[in-house]
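All remarks here apply to the structure that follows.
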There are 2 protein chains.
Amino acid sequence: MTLAYPLDDPRTAAPSQALSDVLDRLGVRMNYAKDGEIYAQEEEVEFLYRVVDGVVRTMRLTCDGRRQVGDFYYAGDLFGLEPGPDHQFSAEALTDCTIQVVRRSAVRALAGDRELDRAVLEATRRELQRVQEHVLLLGRKSAREKVAGFLMSLAQHQSEDSIQLPMGRQDMADYLGLTIETVSRMLTQLQGEEIVEFPELRRFRVTRWEALEDLAA
Amino acid sequence: MTLAYPLDDPRTAAPSQALSDVLDRLGVRMNYAKDGEIYAQEEEVEFLYRVVDGVVRTMRLTCDGRRQVGDFYYAGDLFGLEPGPDHQFSAEALTDCTIQVVRRSAVRALAGDRELDRAVLEATRRELQRVQEHVLLLGRKSAREKVAGFLMSLAQHQSEDSIQLPMGRQDMADYLGLTIETVSRMLTQLQGEEIVEFPELRRFRVTRWEALEDLAA
DNA sequence: CGTGAGATTGAACCCAGTCAAGACTGGTGG
DNA sequence: CCACCAGTCTTGACTGGGTTCAATCTCACG
């Protein structure tokens, strides 16, 4: 993982060395095809995962079929750190992915290493912070602000000038608590105001950073 | 804290013994008057807190003045477990409160005790789970469902037949991502359908549990 | 009793959702 | 190479749930 972005951002701070080592030593690399299921909702929590390459999405389905995307995970990010014995979320490969997987029990067995306990705690903390940001986004922002904020956060994680959108509109909508149509409209609107520019459907460029920052608030 | 409610509920599971002990041994009891500030947003994270008596609310203010309530904490709950060096939320006494406070550095100093590390992790996990529930609530539920769900969760934490509402309508609204008027209307509506009953402004009784459960979904 | 903050209610408005049609895109096979 | 197709995205018209603004009510507390 590159460190092109600020370290205090919980999404991008590198996982601690100890945990990283355990994953390297004991972890198994797995490949998942686009849309492949990594784990299912309700499944027992058994493993710890790190994205090596590709993008992963976690999501939750309510009994009546509404979908809520938990988060998106990129190269270097840990995921699957869920409280409770069962997964509240499922995880799927948004793109073709390589994932490093380690059994939780293996981590626990090595936990004589206090560094490691600490590392898991640290990772859980980061996760908590991400989720708290998500609450603020969902609770008190307009559709316009939600979409702008989403684009901002994507942009902050890619140093290139032209930014890739690995997920479709439906995934954005389900992350932001909106419908696909509203997301689409807001994107068009932001383009109309020349704040962002979409040369391709899944790729954009920020043309007026200040305006985008103001919106994301 | 009583254990009248199921243990797998992250809001109510008792904090682990080790952490509880540290709080008892090293913690200082503090009293806060209603609306007193326990810590401020942006303030450095220094302490760990446990509610002994009363109710605490955490909340966050955005630059343009919008308010988002993080959560409500009751007797026995730990709070102030925030990732990052600074508080993202502020905490205030919703009612007159007794809070047991311990320095984080004291906890850290004792952390040779692996039990303790584990306990902090466990508490952070529970917090994570609460926040994830909150995301689902905010992202994919109607006003009616939000209010019904809120009343449900309150009811589940009080064994009595008549349930106290320690917070005002504004706090409920800011927790649910609604306006005070909408909250009020939904309460009236639920009363009209004889699902709940409000003998007093801040006290209610559930008259049709099944209906409430269906709504909270 | 009065008083005032907090809660309810009403009416008008508006943002986002819904439903439906059409456009674009990328992939496939002729 | 291009025509076609299916999936995805965009656009439009309409609806409706929730907000806004304002007036009234309630009740806890002096």
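Going by the structure tokens order, chains are called A, B, ..., each with residues numbered from 1, while ligands are numbered from 1 in the order shown.
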What lies within 8 Å of range 82-92 of chain B using only C-alpha atoms (C1' of nucleotides), ignoring chain neighbours under 5 positions off, as a ChimeraX atom specification? /A:125-126,128-129 /B:35-45,56-61,70
Define the interface residues of chain C facing chain B as those within 12 Å, counting only C-alpha atoms (C1' of nucleotides), and report them as a list in words.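 That gives the following set of residues: DA5, DG6, DA7, DT8, DT9, DG10 and DG17 of chain C.
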Contact set, chain A to chain B: 9 Å, only C-alpha atoms, as a ChimeraX atom specification: /A:8,10,60,62-64,66-68,70,81-84,88,112,114,117-118,120-122,124-129,131-132,134-136,138-141,174-178,217
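Counting only C-alpha atoms (C1' of nucleotides) and comparing A:Val22, A:Val107, A:Val183, A:Ser153, the residue that lies closest to chain D is A:Val183.
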Taking the DSSP assignment computed from this structure's backbone, write out as JSON, numbers by chain all residues of range 28-120 of chain B that belong to strand (DSSP E). {"B": [28, 29, 30, 31, 32, 37, 38, 39, 47, 48, 49, 50, 51, 52, 53, 56, 57, 58, 59, 60, 61, 67, 68, 69, 70, 71, 72, 73, 78, 79, 90, 91, 92, 93, 97, 98, 99, 100, 101, 102, 103]}
Interatomic distance (Å, one decimal) between CA of Phe150 in chain B and CA of Cys97 in chain B: 22.1 Å
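Taking CA of Leu187 in chain B and C1' of DA11 in chain C as the two end points, the separation is 19.8 Å.
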Step one, run DSSP on the backbone; step two, keep only residues of chain B assigned to helix (DSSP H, G or I); then write them as a PyMOL selection string. chain B and resi 17-26+104-112+114-140+143-156+169-176+180-192+209-216
Would you output that residue set with C-alpha atoms, as a PDB file, in the first residue's frame?
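Wrote again13.pdb, looks like this:
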```
ATOM      1  CA  GLN B  17     -14.703  -7.891  34.827  1.00  0.00           C
ATOM      2  CA  ALA B  18     -11.144  -6.707  34.306  1.00  0.00           C
ATOM      3  CA  LEU B  19     -12.130  -3.307  33.025  1.00  0.00           C
ATOM      4  CA  SER B  20     -14.809  -3.011  35.626  1.00  0.00           C
ATOM      5  CA  ASP B  21     -12.226  -3.696  38.321  1.00  0.00           C
ATOM      6  CA  VAL B  22      -9.833  -1.076  37.041  1.00  0.00           C
ATOM      7  CA  LEU B  23     -12.632   1.446  37.023  1.00  0.00           C
ATOM      8  CA  ASP B  24     -13.631   0.527  40.542  1.00  0.00           C
ATOM      9  CA  ARG B  25     -10.088   0.644  41.858  1.00  0.00           C
ATOM     10  CA  LEU B  26      -8.653   3.623  40.044  1.00  0.00           C
ATOM     11  CA  ARG B 104      -6.494   6.195  29.930  1.00  0.00           C
ATOM     12  CA  SER B 105      -2.836   6.325  30.850  1.00  0.00           C
ATOM     13  CA  ALA B 106      -3.683   4.477  34.066  1.00  0.00           C
ATOM     14  CA  VAL B 107      -5.405   1.795  32.039  1.00  0.00           C
ATOM     15  CA  ARG B 108      -2.473   1.654  29.689  1.00  0.00           C
ATOM     16  CA  ALA B 109       0.007   1.374  32.553  1.00  0.00           C
ATOM     17  CA  LEU B 110      -1.828  -1.650  33.866  1.00  0.00           C
ATOM     18  CA  ALA B 111      -2.025  -3.204  30.458  1.00  0.00           C
ATOM     19  CA  GLY B 112       0.573  -5.822  31.296  1.00  0.00           C
ATOM     20  CA  ARG B 114      -3.727  -9.023  28.966  1.00  0.00           C
ATOM     21  CA  GLU B 115      -7.214  -9.451  30.279  1.00  0.00           C
ATOM     22  CA  LEU B 116      -7.460  -5.718  30.294  1.00  0.00           C
ATOM     23  CA  ASP B 117      -6.362  -5.206  26.696  1.00  0.00           C
ATOM     24  CA  ARG B 118      -8.923  -7.755  25.777  1.00  0.00           C
ATOM     25  CA  ALA B 119     -11.566  -5.937  27.765  1.00  0.00           C
ATOM     26  CA  VAL B 120     -10.950  -2.619  26.043  1.00  0.00           C
ATOM     27  CA  LEU B 121     -11.138  -4.392  22.725  1.00  0.00           C
ATOM     28  CA  GLU B 122     -14.377  -6.041  23.742  1.00  0.00           C
ATOM     29  CA  ALA B 123     -15.860  -2.710  24.737  1.00  0.00           C
ATOM     30  CA  THR B 124     -14.737  -1.118  21.473  1.00  0.00           C
ATOM     31  CA  ARG B 125     -16.356  -3.974  19.596  1.00  0.00           C
ATOM     32  CA  ARG B 126     -19.627  -3.415  21.339  1.00  0.00           C
ATOM     33  CA  GLU B 127     -19.432   0.237  20.499  1.00  0.00           C
ATOM     34  CA  LEU B 128     -18.793  -0.660  16.870  1.00  0.00           C
ATOM     35  CA  GLN B 129     -21.852  -2.840  16.801  1.00  0.00           C
ATOM     36  CA  ARG B 130     -24.047  -0.106  18.218  1.00  0.00           C
ATOM     37  CA  VAL B 131     -22.830   2.339  15.608  1.00  0.00           C
ATOM     38  CA  GLN B 132     -23.427  -0.160  12.817  1.00  0.00           C
ATOM     39  CA  GLU B 133     -27.017  -0.566  13.931  1.00  0.00           C
ATOM     40  CA  HIS B 134     -27.278   3.186  13.859  1.00  0.00           C
ATOM     41  CA  VAL B 135     -26.086   3.239  10.239  1.00  0.00           C
ATOM     42  CA  LEU B 136     -28.799   0.831   9.197  1.00  0.00           C
ATOM     43  CA  LEU B 137     -31.378   2.912  11.023  1.00  0.00           C
ATOM     44  CA  LEU B 138     -30.298   6.136   9.356  1.00  0.00           C
ATOM     45  CA  GLY B 139     -29.700   4.783   5.900  1.00  0.00           C
ATOM     46  CA  ARG B 140     -32.687   2.686   5.073  1.00  0.00           C
ATOM     47  CA  ALA B 143     -39.432   8.212   9.851  1.00  0.00           C
ATOM     48  CA  ARG B 144     -42.129   5.880  11.191  1.00  0.00           C
ATOM     49  CA  GLU B 145     -39.742   2.966  11.412  1.00  0.00           C
ATOM     50  CA  LYS B 146     -37.016   5.073  12.964  1.00  0.00           C
ATOM     51  CA  VAL B 147     -39.248   6.291  15.758  1.00  0.00           C
ATOM     52  CA  ALA B 148     -40.769   2.858  16.329  1.00  0.00           C
ATOM     53  CA  GLY B 149     -37.286   1.315  16.439  1.00  0.00           C
ATOM     54  CA  PHE B 150     -36.138   3.919  18.907  1.00  0.00           C
ATOM     55  CA  LEU B 151     -39.020   3.253  21.269  1.00  0.00           C
ATOM     56  CA  MET B 152     -38.407  -0.491  20.950  1.00  0.00           C
ATOM     57  CA  SER B 153     -34.774  -0.197  21.916  1.00  0.00           C
ATOM     58  CA  LEU B 154     -35.677   1.952  24.905  1.00  0.00           C
ATOM     59  CA  ALA B 155     -38.305  -0.527  25.991  1.00  0.00           C
ATOM     60  CA  GLN B 156     -35.856  -3.404  25.781  1.00  0.00           C
ATOM     61  CA  ARG B 169     -37.869  15.354  21.331  1.00  0.00           C
ATOM     62  CA  GLN B 170     -34.974  17.332  19.911  1.00  0.00           C
ATOM     63  CA  ASP B 171     -32.480  14.730  21.072  1.00  0.00           C
ATOM     64  CA  MET B 172     -34.543  11.953  19.563  1.00  0.00           C
ATOM     65  CA  ALA B 173     -34.731  13.881  16.302  1.00  0.00           C
ATOM     66  CA  ASP B 174     -30.984  14.482  16.195  1.00  0.00           C
ATOM     67  CA  TYR B 175     -30.338  10.822  16.909  1.00  0.00           C
ATOM     68  CA  LEU B 176     -32.725   9.648  14.193  1.00  0.00           C
ATOM     69  CA  ILE B 180     -38.506  17.530  15.976  1.00  0.00           C
ATOM     70  CA  GLU B 181     -41.853  18.029  14.197  1.00  0.00           C
ATOM     71  CA  THR B 182     -41.605  14.726  12.362  1.00  0.00           C
ATOM     72  CA  VAL B 183     -40.749  12.889  15.567  1.00  0.00           C
ATOM     73  CA  SER B 184     -43.726  14.461  17.250  1.00  0.00           C
ATOM     74  CA  ARG B 185     -46.050  13.537  14.401  1.00  0.00           C
ATOM     75  CA  MET B 186     -44.885   9.933  14.363  1.00  0.00           C
ATOM     76  CA  LEU B 187     -45.413   9.649  18.100  1.00  0.00           C
ATOM     77  CA  THR B 188     -48.929  10.978  17.735  1.00  0.00           C
ATOM     78  CA  GLN B 189     -49.527   8.578  14.875  1.00  0.00           C
ATOM     79  CA  LEU B 190     -48.304   5.547  16.836  1.00  0.00           C
ATOM     80  CA  GLN B 191     -50.554   6.593  19.680  1.00  0.00           C
ATOM     81  CA  GLY B 192     -53.505   6.971  17.316  1.00  0.00           C
ATOM     82  CA  TRP B 209     -45.741  -5.240  20.950  1.00  0.00           C
ATOM     83  CA  GLU B 210     -46.177  -7.215  17.752  1.00  0.00           C
ATOM     84  CA  ALA B 211     -47.141  -4.111  15.819  1.00  0.00           C
ATOM     85  CA  LEU B 212     -44.150  -2.212  17.187  1.00  0.00           C
ATOM     86  CA  GLU B 213     -41.796  -5.074  16.364  1.00  0.00           C
ATOM     87  CA  ASP B 214     -43.135  -5.290  12.822  1.00  0.00           C
ATOM     88  CA  LEU B 215     -42.459  -1.625  12.338  1.00  0.00           C
ATOM     89  CA  ALA B 216     -39.005  -1.609  13.843  1.00  0.00           C
TER      90      ALA B 216
END
```
Can you check which parts of chain D lie within 10 Å of chain B? Per residue, the shortest pair of atoms and distance in Å to one decimal, counting only C-alpha atoms (C1' of nucleotides), sorted by chain and number, as a tab-separated table.
```
residue	atom	partner	partner_atom	distance
D:DG17	C1'	B:Ser142	CA	8.6
D:DG18	C1'	B:Thr182	CA	6.9
D:DT19	C1'	B:Thr179	CA	7.3
D:DT20	C1'	B:Glu181	CA	9.8
D:DT26	C1'	B:Leu201	CA	9.4
D:DC27	C1'	B:Leu201	CA	9.0
```
Keeping N, CA, C and O atoms (P, O5', C5', C4', C3', O3' and C1' of nucleotides), export the residues of the selection given above as a PDB file, in the first residue's frame.
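As written to disk, part-v2.pdb reads:
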```
ATOM      1  P    DG D  17     -46.234   9.064   1.527  1.00  0.00           P
ATOM      2  O5'  DG D  17     -44.908   9.049   2.411  1.00  0.00           O
ATOM      3  C5'  DG D  17     -43.653   8.669   1.828  1.00  0.00           C
ATOM      4  C4'  DG D  17     -42.547   9.542   2.403  1.00  0.00           C
ATOM      5  C3'  DG D  17     -42.629   9.762   3.901  1.00  0.00           C
ATOM      6  O3'  DG D  17     -41.299   9.659   4.395  1.00  0.00           O
ATOM      7  C1'  DG D  17     -42.755  11.860   2.792  1.00  0.00           C
ATOM      8  P    DG D  18     -40.950   9.761   5.910  1.00  0.00           P
ATOM      9  O5'  DG D  18     -40.402  11.246   6.047  1.00  0.00           O
ATOM     10  C5'  DG D  18     -39.276  11.628   5.265  1.00  0.00           C
ATOM     11  C4'  DG D  18     -39.016  13.110   5.425  1.00  0.00           C
ATOM     12  C3'  DG D  18     -39.017  13.637   6.866  1.00  0.00           C
ATOM     13  O3'  DG D  18     -37.824  14.390   7.023  1.00  0.00           O
ATOM     14  C1'  DG D  18     -40.465  14.928   5.511  1.00  0.00           C
ATOM     15  P    DT D  19     -37.486  15.333   8.231  1.00  0.00           P
ATOM     16  O5'  DT D  19     -37.654  16.801   7.597  1.00  0.00           O
ATOM     17  C5'  DT D  19     -36.904  17.123   6.419  1.00  0.00           C
ATOM     18  C4'  DT D  19     -37.195  18.555   6.013  1.00  0.00           C
ATOM     19  C3'  DT D  19     -36.946  19.597   7.104  1.00  0.00           C
ATOM     20  O3'  DT D  19     -36.209  20.664   6.515  1.00  0.00           O
ATOM     21  C1'  DT D  19     -39.161  19.798   6.268  1.00  0.00           C
ATOM     22  P    DT D  20     -35.645  21.858   7.420  1.00  0.00           P
ATOM     23  O5'  DT D  20     -36.640  23.086   7.146  1.00  0.00           O
ATOM     24  C5'  DT D  20     -37.224  23.243   5.865  1.00  0.00           C
ATOM     25  C4'  DT D  20     -38.240  24.375   5.897  1.00  0.00           C
ATOM     26  C3'  DT D  20     -38.050  25.407   7.012  1.00  0.00           C
ATOM     27  O3'  DT D  20     -38.161  26.695   6.425  1.00  0.00           O
ATOM     28  C1'  DT D  20     -40.255  24.529   7.077  1.00  0.00           C
ATOM     29  P    DT D  26     -54.070  21.448  25.174  1.00  0.00           P
ATOM     30  O5'  DT D  26     -52.825  20.970  26.034  1.00  0.00           O
ATOM     31  C5'  DT D  26     -51.767  20.262  25.384  1.00  0.00           C
ATOM     32  C4'  DT D  26     -50.567  20.187  26.315  1.00  0.00           C
ATOM     33  C3'  DT D  26     -50.922  20.074  27.802  1.00  0.00           C
ATOM     34  O3'  DT D  26     -50.243  18.945  28.290  1.00  0.00           O
ATOM     35  C1'  DT D  26     -49.295  21.759  27.455  1.00  0.00           C
ATOM     36  P    DC D  27     -50.667  18.168  29.562  1.00  0.00           P
ATOM     37  O5'  DC D  27     -49.399  18.391  30.489  1.00  0.00           O
ATOM     38  C5'  DC D  27     -48.073  18.412  29.917  1.00  0.00           C
ATOM     39  C4'  DC D  27     -47.159  19.197  30.837  1.00  0.00           C
ATOM     40  C3'  DC D  27     -47.571  19.144  32.318  1.00  0.00           C
ATOM     41  O3'  DC D  27     -46.402  19.133  33.115  1.00  0.00           O
ATOM     42  C1'  DC D  27     -47.433  21.348  31.641  1.00  0.00           C
TER      43       DC D  27
END
```
Within 10 Å of range 1-7 of chain D, counting only C-alpha atoms (C1' of nucleotides), which residues show up once you throw out same-chain ones fewer than 2 positions away? Write them as a compact mmCIF listing (two decimals) with all heavy atoms, in the first residue's frame, please.
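Here's the written file selection_30.txt:
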```txt
# COMPACT_ATOMS: atom_id res chain seq x y z
P DT C 25 -21.17 6.33 -23.64
OP1 DT C 25 -20.32 7.26 -22.87
OP2 DT C 25 -21.13 6.30 -25.11
O5' DT C 25 -20.88 4.85 -23.12
C5' DT C 25 -21.28 4.45 -21.81
C4' DT C 25 -21.04 2.94 -21.68
O4' DT C 25 -22.20 2.22 -22.13
C3' DT C 25 -19.86 2.44 -22.50
O3' DT C 25 -18.90 1.87 -21.62
C2' DT C 25 -20.45 1.41 -23.47
C1' DT C 25 -21.80 1.07 -22.83
N1 DT C 25 -22.89 0.76 -23.78
C2 DT C 25 -23.65 -0.39 -23.58
O2 DT C 25 -23.43 -1.16 -22.68
N3 DT C 25 -24.65 -0.57 -24.49
C4 DT C 25 -24.98 0.25 -25.56
O4 DT C 25 -25.91 -0.03 -26.31
C5 DT C 25 -24.16 1.42 -25.70
C7 DT C 25 -24.43 2.38 -26.82
C6 DT C 25 -23.17 1.63 -24.82
P DG C 26 -17.48 1.44 -22.11
OP1 DG C 26 -16.51 2.27 -21.42
OP2 DG C 26 -17.51 1.38 -23.59
O5' DG C 26 -17.37 -0.06 -21.56
C5' DG C 26 -18.44 -0.64 -20.80
C4' DG C 26 -18.66 -2.09 -21.20
O4' DG C 26 -19.76 -2.18 -22.15
C3' DG C 26 -17.47 -2.78 -21.89
O3' DG C 26 -17.39 -4.10 -21.38
C2' DG C 26 -17.84 -2.74 -23.37
C1' DG C 26 -19.36 -2.90 -23.30
N9 DG C 26 -20.11 -2.37 -24.42
C8 DG C 26 -19.83 -1.28 -25.20
N7 DG C 26 -20.74 -1.05 -26.11
C5 DG C 26 -21.67 -2.06 -25.93
C6 DG C 26 -22.88 -2.35 -26.64
O6 DG C 26 -23.37 -1.73 -27.58
N1 DG C 26 -23.52 -3.47 -26.12
C2 DG C 26 -23.06 -4.23 -25.07
N2 DG C 26 -23.81 -5.28 -24.72
N3 DG C 26 -21.94 -3.99 -24.41
C4 DG C 26 -21.30 -2.89 -24.89
P DG C 27 -16.26 -5.09 -21.75
OP1 DG C 27 -15.63 -5.54 -20.50
OP2 DG C 27 -15.46 -4.50 -22.86
O5' DG C 27 -17.08 -6.33 -22.35
C5' DG C 27 -18.25 -6.80 -21.65
C4' DG C 27 -19.02 -7.72 -22.55
O4' DG C 27 -19.74 -6.95 -23.55
C3' DG C 27 -18.16 -8.73 -23.32
O3' DG C 27 -18.76 -10.01 -23.24
C2' DG C 27 -18.14 -8.19 -24.75
C1' DG C 27 -19.50 -7.49 -24.84
N9 DG C 27 -19.56 -6.38 -25.79
C8 DG C 27 -18.67 -5.35 -25.94
N7 DG C 27 -19.01 -4.50 -26.87
C5 DG C 27 -20.21 -5.01 -27.37
C6 DG C 27 -21.05 -4.51 -28.40
O6 DG C 27 -20.91 -3.51 -29.09
N1 DG C 27 -22.16 -5.34 -28.59
C2 DG C 27 -22.41 -6.48 -27.87
N2 DG C 27 -23.53 -7.15 -28.19
N3 DG C 27 -21.64 -6.96 -26.90
C4 DG C 27 -20.55 -6.17 -26.71
P DT C 28 -18.05 -11.31 -23.78
OP1 DT C 28 -18.14 -12.30 -22.71
OP2 DT C 28 -16.74 -10.91 -24.39
O5' DT C 28 -19.02 -11.76 -24.97
C5' DT C 28 -20.43 -11.51 -24.87
C4' DT C 28 -21.10 -11.97 -26.15
O4' DT C 28 -21.32 -10.82 -27.02
C3' DT C 28 -20.29 -12.98 -26.96
O3' DT C 28 -21.12 -14.08 -27.31
C2' DT C 28 -19.82 -12.21 -28.18
C1' DT C 28 -20.85 -11.10 -28.31
N1 DT C 28 -20.32 -9.83 -28.84
C2 DT C 28 -21.06 -9.14 -29.78
O2 DT C 28 -22.13 -9.52 -30.20
N3 DT C 28 -20.49 -7.97 -30.21
C4 DT C 28 -19.28 -7.42 -29.82
O4 DT C 28 -18.88 -6.37 -30.27
C5 DT C 28 -18.56 -8.19 -28.82
C7 DT C 28 -17.23 -7.70 -28.32
C6 DT C 28 -19.10 -9.34 -28.39
P DG C 29 -20.52 -15.31 -28.05
OP1 DG C 29 -21.06 -16.52 -27.39
OP2 DG C 29 -19.05 -15.11 -28.22
O5' DG C 29 -21.19 -15.17 -29.48
C5' DG C 29 -22.56 -14.75 -29.59
C4' DG C 29 -22.85 -14.39 -31.02
O4' DG C 29 -22.25 -13.10 -31.32
C3' DG C 29 -22.27 -15.36 -32.06
O3' DG C 29 -23.17 -15.45 -33.15
C2' DG C 29 -20.97 -14.70 -32.46
C1' DG C 29 -21.38 -13.23 -32.43
N9 DG C 29 -20.29 -12.28 -32.26
C8 DG C 29 -19.16 -12.43 -31.51
N7 DG C 29 -18.37 -11.39 -31.55
C5 DG C 29 -19.04 -10.50 -32.39
C6 DG C 29 -18.67 -9.20 -32.83
O6 DG C 29 -17.67 -8.54 -32.54
N1 DG C 29 -19.64 -8.66 -33.68
C2 DG C 29 -20.80 -9.29 -34.06
N2 DG C 29 -21.59 -8.61 -34.88
N3 DG C 29 -21.14 -10.50 -33.66
C4 DG C 29 -20.22 -11.04 -32.84
P DG C 30 -23.12 -16.62 -34.14
OP1 DG C 30 -24.19 -17.57 -33.77
OP2 DG C 30 -21.71 -17.06 -34.24
O5' DG C 30 -23.54 -15.91 -35.51
C5' DG C 30 -24.67 -15.04 -35.55
C4' DG C 30 -24.44 -13.97 -36.61
O4' DG C 30 -23.36 -13.11 -36.18
C3' DG C 30 -24.04 -14.53 -37.98
O3' DG C 30 -24.78 -13.87 -38.99
C2' DG C 30 -22.56 -14.20 -38.09
C1' DG C 30 -22.44 -12.94 -37.26
N9 DG C 30 -21.12 -12.73 -36.66
C8 DG C 30 -20.42 -13.59 -35.83
N7 DG C 30 -19.27 -13.11 -35.45
C5 DG C 30 -19.20 -11.86 -36.05
C6 DG C 30 -18.17 -10.88 -36.00
O6 DG C 30 -17.10 -10.92 -35.39
N1 DG C 30 -18.51 -9.76 -36.76
C2 DG C 30 -19.68 -9.61 -37.47
N2 DG C 30 -19.81 -8.47 -38.13
N3 DG C 30 -20.64 -10.52 -37.52
C4 DG C 30 -20.33 -11.61 -36.80
P DC D 9 -24.24 1.54 -13.23
OP1 DC D 9 -22.85 1.76 -12.79
OP2 DC D 9 -25.30 1.18 -12.28
O5' DC D 9 -24.73 2.84 -14.03
C5' DC D 9 -24.01 3.25 -15.19
C4' DC D 9 -24.82 4.31 -15.91
O4' DC D 9 -26.01 3.69 -16.43
C3' DC D 9 -25.28 5.47 -15.02
O3' DC D 9 -24.68 6.66 -15.51
C2' DC D 9 -26.80 5.45 -15.13
C1' DC D 9 -27.03 4.67 -16.43
N1 DC D 9 -28.34 3.97 -16.54
C2 DC D 9 -29.24 4.33 -17.55
O2 DC D 9 -28.94 5.24 -18.33
N3 DC D 9 -30.42 3.66 -17.65
C4 DC D 9 -30.71 2.69 -16.79
N4 DC D 9 -31.89 2.07 -16.94
C5 DC D 9 -29.81 2.30 -15.76
C6 DC D 9 -28.65 2.97 -15.66
```
Straight-line distance linking CA of Asp96 in chain A with CA of Arg205 in chain A, stated in Å to one decimal: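 Taking CA of Asp96 in chain A as the start and CA of Arg205 in chain A as the end point, the length is 23.8 Å.
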